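S.K.: Following this line is my_file26.cif, made up of mmCIF, C-alpha atoms and all ligand atoms:
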```cif
data_query
#
loop_
_atom_site.label_atom_id
_atom_site.label_comp_id
_atom_site.auth_asym_id
_atom_site.auth_seq_id
_atom_site.Cartn_x
_atom_site.Cartn_y
_atom_site.Cartn_z
CA MET U 294 -15.79 -1.85 -16.81
CA ARG U 295 -14.72 0.97 -14.53
CA LEU U 296 -14.73 0.39 -10.79
CA LYS U 297 -17.27 2.62 -9.15
CA TRP U 298 -17.75 3.74 -5.58
CA THR U 299 -21.40 3.50 -4.51
CA LYS U 300 -23.15 4.25 -1.22
CA GLN U 301 -23.15 0.53 -0.49
CA LEU U 302 -19.38 0.84 -0.13
CA SER U 303 -19.62 3.55 2.53
CA VAL U 304 -17.96 2.56 5.78
CA GLY U 305 -19.66 5.38 7.67
CA ASN U 306 -16.86 7.95 7.71
CA ALA U 307 -16.37 10.86 5.32
CA ILE U 308 -12.57 10.77 5.26
CA ILE U 309 -12.34 7.04 4.65
CA ASP U 310 -15.08 7.12 2.00
CA SER U 311 -13.40 10.04 0.25
CA GLU U 312 -10.06 8.25 0.23
CA HIS U 313 -11.68 5.07 -1.07
CA ARG U 314 -13.20 7.03 -3.95
CA ASN U 315 -9.77 8.44 -4.70
CA LEU U 316 -8.10 5.02 -4.56
CA ILE U 317 -10.77 3.54 -6.84
CA SER U 318 -10.17 6.37 -9.30
CA ILE U 319 -6.42 5.68 -9.33
CA ALA U 320 -7.06 1.93 -9.71
CA ASN U 321 -9.24 2.75 -12.72
CA ASN U 322 -6.41 4.79 -14.22
CA ALA U 323 -4.02 1.88 -13.66
CA ARG U 324 -6.46 -0.59 -15.22
CA ARG U 325 -6.86 1.71 -18.22
CA ALA U 326 -3.06 1.87 -18.62
CA ILE U 327 -2.81 -1.93 -18.39
CA ARG U 328 -5.44 -2.40 -21.10
CA ALA U 329 -3.68 0.19 -23.28
CA ARG U 330 -0.37 -1.66 -22.67
CA ASP U 331 1.02 1.70 -21.56
CA SER U 332 3.88 0.73 -19.29
CA PHE U 333 4.98 4.30 -18.55
CA THR U 334 1.55 5.51 -17.43
CA LEU U 335 0.98 2.30 -15.48
CA SER U 336 4.19 2.79 -13.56
CA GLN U 337 3.12 6.37 -12.68
CA GLU U 338 -0.35 5.26 -11.62
CA LEU U 339 0.94 2.40 -9.47
CA GLU U 340 3.38 4.78 -7.81
CA HIS U 341 0.51 7.19 -7.21
CA LEU U 342 -1.61 4.34 -5.83
CA GLU U 343 1.14 3.26 -3.47
CA GLU U 344 1.65 6.82 -2.16
CA TRP U 345 -2.06 7.22 -1.49
CA LEU U 346 -2.30 3.81 0.11
CA TYR U 347 0.30 4.86 2.67
CA VAL U 348 -1.70 8.01 3.43
CA HIS U 349 -4.95 6.06 3.54
CA PHE U 350 -3.64 3.27 5.75
CA ALA U 351 -2.20 5.83 8.16
CA ASN U 352 -5.49 7.73 8.32
CA GLU U 353 -7.52 4.56 8.80
CA GLY U 354 -5.16 3.57 11.60
CA LYS U 355 -5.63 6.95 13.32
CA ILE U 356 -9.39 6.73 13.01
CA ALA U 357 -9.40 3.11 14.27
CA GLN U 358 -7.32 4.13 17.25
CA ALA U 359 -9.64 7.05 18.03
CA ILE U 360 -12.70 4.78 18.03
CA ASN U 361 -10.93 1.96 19.91
CA PHE U 362 -11.21 -0.45 16.99
CA ASP U 363 -8.73 -3.35 16.96
CA PHE U 364 -6.71 -2.58 13.82
CA SER U 365 -4.25 -5.50 13.99
CA GLN U 366 -6.04 -7.54 11.29
CA HIS U 367 -6.06 -4.47 9.03
CA LYS U 368 -2.34 -3.89 9.51
CA LEU U 369 -1.47 -7.44 8.48
CA ALA U 370 -3.76 -7.27 5.44
CA GLN U 371 -2.34 -3.89 4.43
CA GLN U 372 1.22 -5.27 4.46
CA CYS U 373 0.08 -8.19 2.28
CA TRP U 374 -1.70 -5.84 -0.14
CA LEU U 375 1.40 -3.70 -0.56
CA LYS U 376 3.52 -6.80 -1.25
CA GLU U 377 0.96 -8.01 -3.81
CA LEU U 378 0.93 -4.59 -5.42
CA TRP U 379 4.74 -4.54 -5.66
CA PHE U 380 4.66 -8.04 -7.15
CA LEU U 381 2.13 -6.92 -9.77
CA ARG U 382 4.18 -3.78 -10.53
CA ASP U 383 7.39 -5.79 -10.98
CA GLU U 384 5.68 -8.48 -13.07
CA LEU U 385 4.22 -5.90 -15.44
CA ALA U 386 7.31 -3.68 -15.50
CA CYS U 387 9.66 -6.48 -16.55
CA LYS U 388 7.60 -7.10 -19.71
CA ASN U 389 7.39 -3.37 -20.48
CA GLY U 390 3.93 -3.36 -22.04
CA LEU U 391 4.29 -6.67 -23.88
CA TRP U 392 1.56 -8.20 -21.76
CA SER U 393 -0.54 -11.14 -22.90
CA ASP U 394 -4.32 -10.81 -22.94
CA ASP U 395 -4.45 -13.20 -19.98
CA ALA U 396 -1.95 -11.13 -18.01
CA ILE U 397 -4.02 -8.00 -18.71
CA GLU U 398 -7.24 -9.64 -17.54
CA GLN U 399 -5.62 -11.12 -14.44
CA SER U 400 -3.99 -7.81 -13.49
CA CYS U 401 -7.19 -5.82 -13.94
CA HIS U 402 -9.13 -8.46 -12.04
CA PHE U 403 -6.56 -8.38 -9.25
CA LEU U 404 -6.83 -4.57 -8.87
CA SER U 405 -10.61 -4.77 -8.84
CA ASP U 406 -10.82 -7.68 -6.39
CA TRP U 407 -8.16 -6.26 -4.17
CA MET U 408 -9.61 -2.74 -4.02
CA ILE U 409 -13.31 -3.44 -3.70
CA ASP U 410 -13.74 -6.94 -2.28
CA GLY U 411 -10.54 -7.53 -0.35
CA HIS U 412 -10.03 -4.04 0.95
CA ILE U 413 -13.34 -2.22 1.35
CA ILE U 414 -15.96 -4.96 1.64
CA SER U 415 -14.09 -7.71 3.47
CA LEU U 416 -12.05 -5.60 5.83
CA ASP U 417 -12.91 -1.92 6.16
CA MET U 418 -16.63 -2.71 6.46
CA LEU U 419 -15.78 -4.34 9.80
CA MET U 420 -15.33 -0.82 11.17
CA LYS U 421 -18.73 0.37 9.96
CA PRO U 422 -20.82 -0.67 13.01
CA VAL U 423 -18.49 1.31 15.26
CA LEU U 424 -18.06 4.25 12.86
CA GLN U 425 -21.83 4.59 12.60
CA THR U 426 -21.97 5.45 16.29
CA TYR U 427 -19.93 8.57 15.44
CA ASP U 428 -20.77 11.56 13.27
CA TYR U 429 -20.18 10.83 9.56
CA ASN U 430 -17.67 13.68 9.50
CA PHE U 431 -15.83 12.40 12.57
CA LEU U 432 -12.19 13.38 12.27
CA PRO U 433 -9.68 12.63 15.02
CA SER U 434 -6.76 15.00 15.29
CA MET U 435 -4.40 14.18 12.44
CA THR U 436 -1.09 15.74 11.60
CA GLY U 437 0.31 16.86 8.28
CA ASP U 438 -1.69 17.22 5.10
CA ALA U 439 -2.63 13.56 4.90
CA THR U 440 -6.27 14.21 5.78
CA HIS U 441 -7.39 15.53 2.43
CA ALA U 442 -8.13 13.38 -0.53
CA VAL U 443 -7.68 14.50 -4.10
CA VAL U 444 -9.66 12.66 -6.70
CA ALA U 445 -7.32 11.60 -9.46
CA GLY U 446 -8.25 12.41 -13.02
FE FE T 501 -9.56 1.48 3.31
#
```
Once more with this new file: its structure as structure tokens, please.
M.R.:
Amino acid sequence: MRLKWTKQLSVGNAIIDSEHRNLISIANNARRAIRARDSFTLSQELEHLEEWLYVHFANEGKIAQAINFDFSQHKLAQQCWLKELWFLRDELACKNGLWSDDAIEQSCHFLSDWMIDGHIISLDMLMKPVLQTYDYNFLPSMTGDATHAVVAG
């Protein structure tokens, strides 16, 4: 089943919500590639996911700083998530698509758990009470082109 962003996952900020929708879309693409045992596409999607996670984590950090939210717990979790993602990527890459049914289920479950429960619900939701005191479209000054989110196909 595809991961889906719903209003219940809103953290109260347009940029963060938009980026979460984008990340969920990429995670869905990666899950589809895992189930299809398509190692090449999976490697592209995980690379794409990693690139967007860097953008997203940087933007969340800027927003947290602008609203005076203690972001230290987030930073530690984000480092762990990236390490887990690299571990998953390496585990799957070394078998080059010859993944067991169990490995496929565990990998898809990991991406789902990690994206929705671990990332958005357990951690980013902690910012919601503070973000809700700001306009939904609140956007601190950000540099570069990292503020836009493109929904992956
Ligand atoms: Fe997030």
S.K.: Got a sec: who's within 6 Å of region 377-394 of chain U, counting all atoms listed in the file, leaving out chain neighbours fewer than 4 positions off, as a ChimeraX atom specification?
M.R.: /U:330-332
S.K.: Find, counting only C-alpha atoms and all ligand atoms, the residue in U:Gln358, U:Thr334, U:Ser405, U:Ser415 that gets nearest to ligand FE 501 (chain T).
M.R.: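 Counting only C-alpha atoms and all ligand atoms, the residue closest to ligand FE 501 (chain T) is U:Ser415.
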S.K.: Got a sec to check which residues lie within 7 Å of ligand FE 501 (chain T), using all atoms listed in the file, and send them as number ranges by chain?
M.R.: U: 309, 313, 349-350, 353, 412-413, 417
S.K.: Please determine, counting all atoms listed in the file, which residue among U:Lys355, U:His367, U:Arg295, U:Lys300 has the shortest atom-to-atom distance to Ala323 (chain U).
M.R.: U:Arg295
S.K.: Can you list, as a VMD selection string, every protein, DNA or RNA residue that comes within 8 Å of Asn322 (chain U) when you count all atoms listed in the file, leaving out same-chain residues fewer than 2 positions away?
M.R.: chain U and resid 318 to 320 324 to 326 335 338 446
S.K.: Restricting the output to C-alpha atoms, write the selected residues as a PDB file, in the frame of the given file.
M.R.:
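So the final result, stored in part22.pdb, reads:
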```pdb
ATOM      1  CA  SER U 318     -10.170   6.370  -9.300  1.00  0.00           C
ATOM      2  CA  ILE U 319      -6.420   5.680  -9.330  1.00  0.00           C
ATOM      3  CA  ALA U 320      -7.060   1.930  -9.710  1.00  0.00           C
ATOM      4  CA  ARG U 324      -6.460  -0.590 -15.220  1.00  0.00           C
ATOM      5  CA  ARG U 325      -6.860   1.710 -18.220  1.00  0.00           C
ATOM      6  CA  ALA U 326      -3.060   1.870 -18.620  1.00  0.00           C
ATOM      7  CA  LEU U 335       0.980   2.300 -15.480  1.00  0.00           C
ATOM      8  CA  GLU U 338      -0.350   5.260 -11.620  1.00  0.00           C
ATOM      9  CA  GLY U 446      -8.250  12.410 -13.020  1.00  0.00           C
TER      10      GLY U 446
END
```
S.K.: Nearest to Leu342 (chain U): which of U:Ile308, U:Lys297, U:Met408, U:His402 is it, counting all atoms listed in the file?
M.R.: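 Checking each candidate against Leu342 (chain U), we get U:Met408 as the closest.
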S.K.: Could you work out how far CA of Ile414 (chain U) lies from CA of Trp374 (chain U), giving the answer in Å with one decimal?
M.R.: 14.4 Å
S.K.: Which is closer to Phe431 (chain U) than all the others in U:Leu296, U:Ser336, U:Arg328, U:Ala357, using all atoms listed in the file?
M.R.: U:Ala357
S.K.: Would you mind telling me which residue in U:Lys368, U:Phe333, U:Ser303, U:Leu424 lies nearest to Ala351 (chain U) when using all atoms listed in the file?
M.R.: U:Lys368
S.K.: Padding of 8 Å on every side, edges along x, y and z, all listed atoms of region 301-314 of chain U included: what centre and edge lengths in Å, to one decimal, does that box have, as lines of an AutoDock Vina configuration file?
M.R.:
```
center_x = -16.6
center_y = 5.7
center_z = 1.9
size_x = 29.1
size_y = 26.3
size_z = 27.7
```
S.K.: One decimal, Å: what's the distance from CA of Asp363 (chain U) over to CA of Met420 (chain U), could you say?
M.R.: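 CA of Asp363 (chain U) sits 9.1 Å away from CA of Met420 (chain U).
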S.K.: Go ahead and compute the interatomic distance for CA of Tyr427 (chain U) and CA of Asn352 (chain U), in Å to one decimal.
M.R.: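 Result for CA of Tyr427 (chain U) versus CA of Asn352 (chain U): 16.1 Å, one decimal.
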S.K.: Can you work out which one of U:Asn306, U:Gly354, U:Glu343, U:Met294 has the shortest atom-to-atom distance to Asp428 (chain U), counting only C-alpha atoms?
M.R.: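 Between U:Asn306, U:Gly354, U:Glu343, U:Met294, the residue approaching Asp428 (chain U) most closely is U:Asn306.
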S.K.: Can you tell me which residues surround Val423 (chain U) at a distance of at most 9 Å, considering all atoms listed in the file, apart from same-chain residues fewer than 2 positions away, and format the answer as an NGL selection string?
M.R.: :U and (305 or 360-362 or 419-421 or 425-427)
